[in-house]
Amino acid sequence: MAYVKISPKYQIVIPKQIREDMALRPGDRVQVLRYQDRLELVPLRRPSDLRGFLPGLDTTVEREGDRV
C-alpha cells in the first residue's frame with residue numbers, strides 16, 4: 001500500500017511504481033472522483049489508446065446500409 005502527503009499547495013505525487021504499472025506519463029489527465037469518504041483517480045484515455053484492449057473481440061458485425 002502506498003501513501004502520499006498533500007503539499008501546502010494541495011498537490012500529491014503518484015508513487016513511481018503505480019505510475020509505471022499504469023503507464024502514466026507527464027501531461028496525462030486524471031479524473032478525480034469523490035465516492036463517499038474517499039477519492040479515486042481515474043486516468044483519462046484517448047479513444048485511440050483503447051484500440052485493441054479487448055483481444056479476441058469479433059468486430060465483423062453485419063451492419064445496416066446507412067450505418068457503414
# chains A, B, ... in the order shown; residues from 1 in each chain; ligands from 1

call {"tool": "residues_around", "arguments": {"residues": "region 33-47 of chain A", "least_positions_apart": "4", "cutoff": "10 Å", "atoms": "only C-alpha atoms", "output": "list in words"}}
result
Met22, Ala23, Leu24, Asp28, Arg29 and Arg51 of chain A

call {"tool": "select_by_dssp", "arguments": {"residues": "chain A", "states": "helix (DSSP H, G or I)", "output": "PyMOL selection string"}}
result
chain A and resi 16-21+47-50+65-67

call {"tool": "write_last_selection", "arguments": {"atoms": "N, CA and C atoms", "output": "short mmCIF file (atom, residue, chain, number, x, y, z; two decimals), in the first residue's frame"}}
result
data_model
loop_
_atom_site.label_atom_id
_atom_site.label_comp_id
_atom_site.auth_asym_id
_atom_site.auth_seq_id
_atom_site.Cartn_x
_atom_site.Cartn_y
_atom_site.Cartn_z
N LYS A 16 6.04 6.12 -7.83
CA LYS A 16 6.67 5.66 -9.07
C LYS A 16 6.14 4.30 -9.52
N GLN A 17 6.02 3.34 -8.62
CA GLN A 17 5.57 2.01 -9.01
C GLN A 17 4.16 2.04 -9.61
N ILE A 18 3.29 2.86 -9.05
CA ILE A 18 1.93 2.99 -9.59
C ILE A 18 1.95 3.67 -10.95
N ARG A 19 2.77 4.73 -11.09
CA ARG A 19 2.89 5.41 -12.39
C ARG A 19 3.36 4.43 -13.46
N GLU A 20 4.35 3.62 -13.12
CA GLU A 20 4.88 2.67 -14.10
C GLU A 20 3.86 1.58 -14.42
N ASP A 21 3.22 1.03 -13.39
CA ASP A 21 2.24 -0.04 -13.61
C ASP A 21 1.07 0.43 -14.47
N PRO A 47 -9.59 7.70 -27.07
CA PRO A 47 -10.17 6.51 -27.72
C PRO A 47 -9.14 5.71 -28.52
N SER A 48 -8.18 6.40 -29.12
CA SER A 48 -7.17 5.68 -29.90
C SER A 48 -6.28 4.82 -29.00
N ASP A 49 -6.10 5.21 -27.74
CA ASP A 49 -5.31 4.42 -26.81
C ASP A 49 -6.01 3.12 -26.43
N LEU A 50 -7.31 3.08 -26.59
CA LEU A 50 -8.08 1.91 -26.19
C LEU A 50 -8.16 0.85 -27.29
N GLY A 65 -27.36 -0.73 -44.09
CA GLY A 65 -26.75 0.08 -45.14
C GLY A 65 -26.42 1.50 -44.75
N ASP A 66 -27.24 2.12 -43.91
CA ASP A 66 -26.99 3.50 -43.53
C ASP A 66 -26.03 3.61 -42.34
N ARG A 67 -25.48 2.52 -41.88
CA ARG A 67 -24.57 2.52 -40.71
C ARG A 67 -23.14 2.18 -41.08
#

call {"tool": "atom_distance", "arguments": {"atom1": "CA of Ala2 (chain A)", "atom2": "CA of Ile14 (chain A)"}}
result
8.9 Å

call {"tool": "select_by_dssp", "arguments": {"residues": "chain A", "states": "strand (DSSP E)", "output": "PyMOL selection string"}}
result
chain A and resi 30-35+38-43
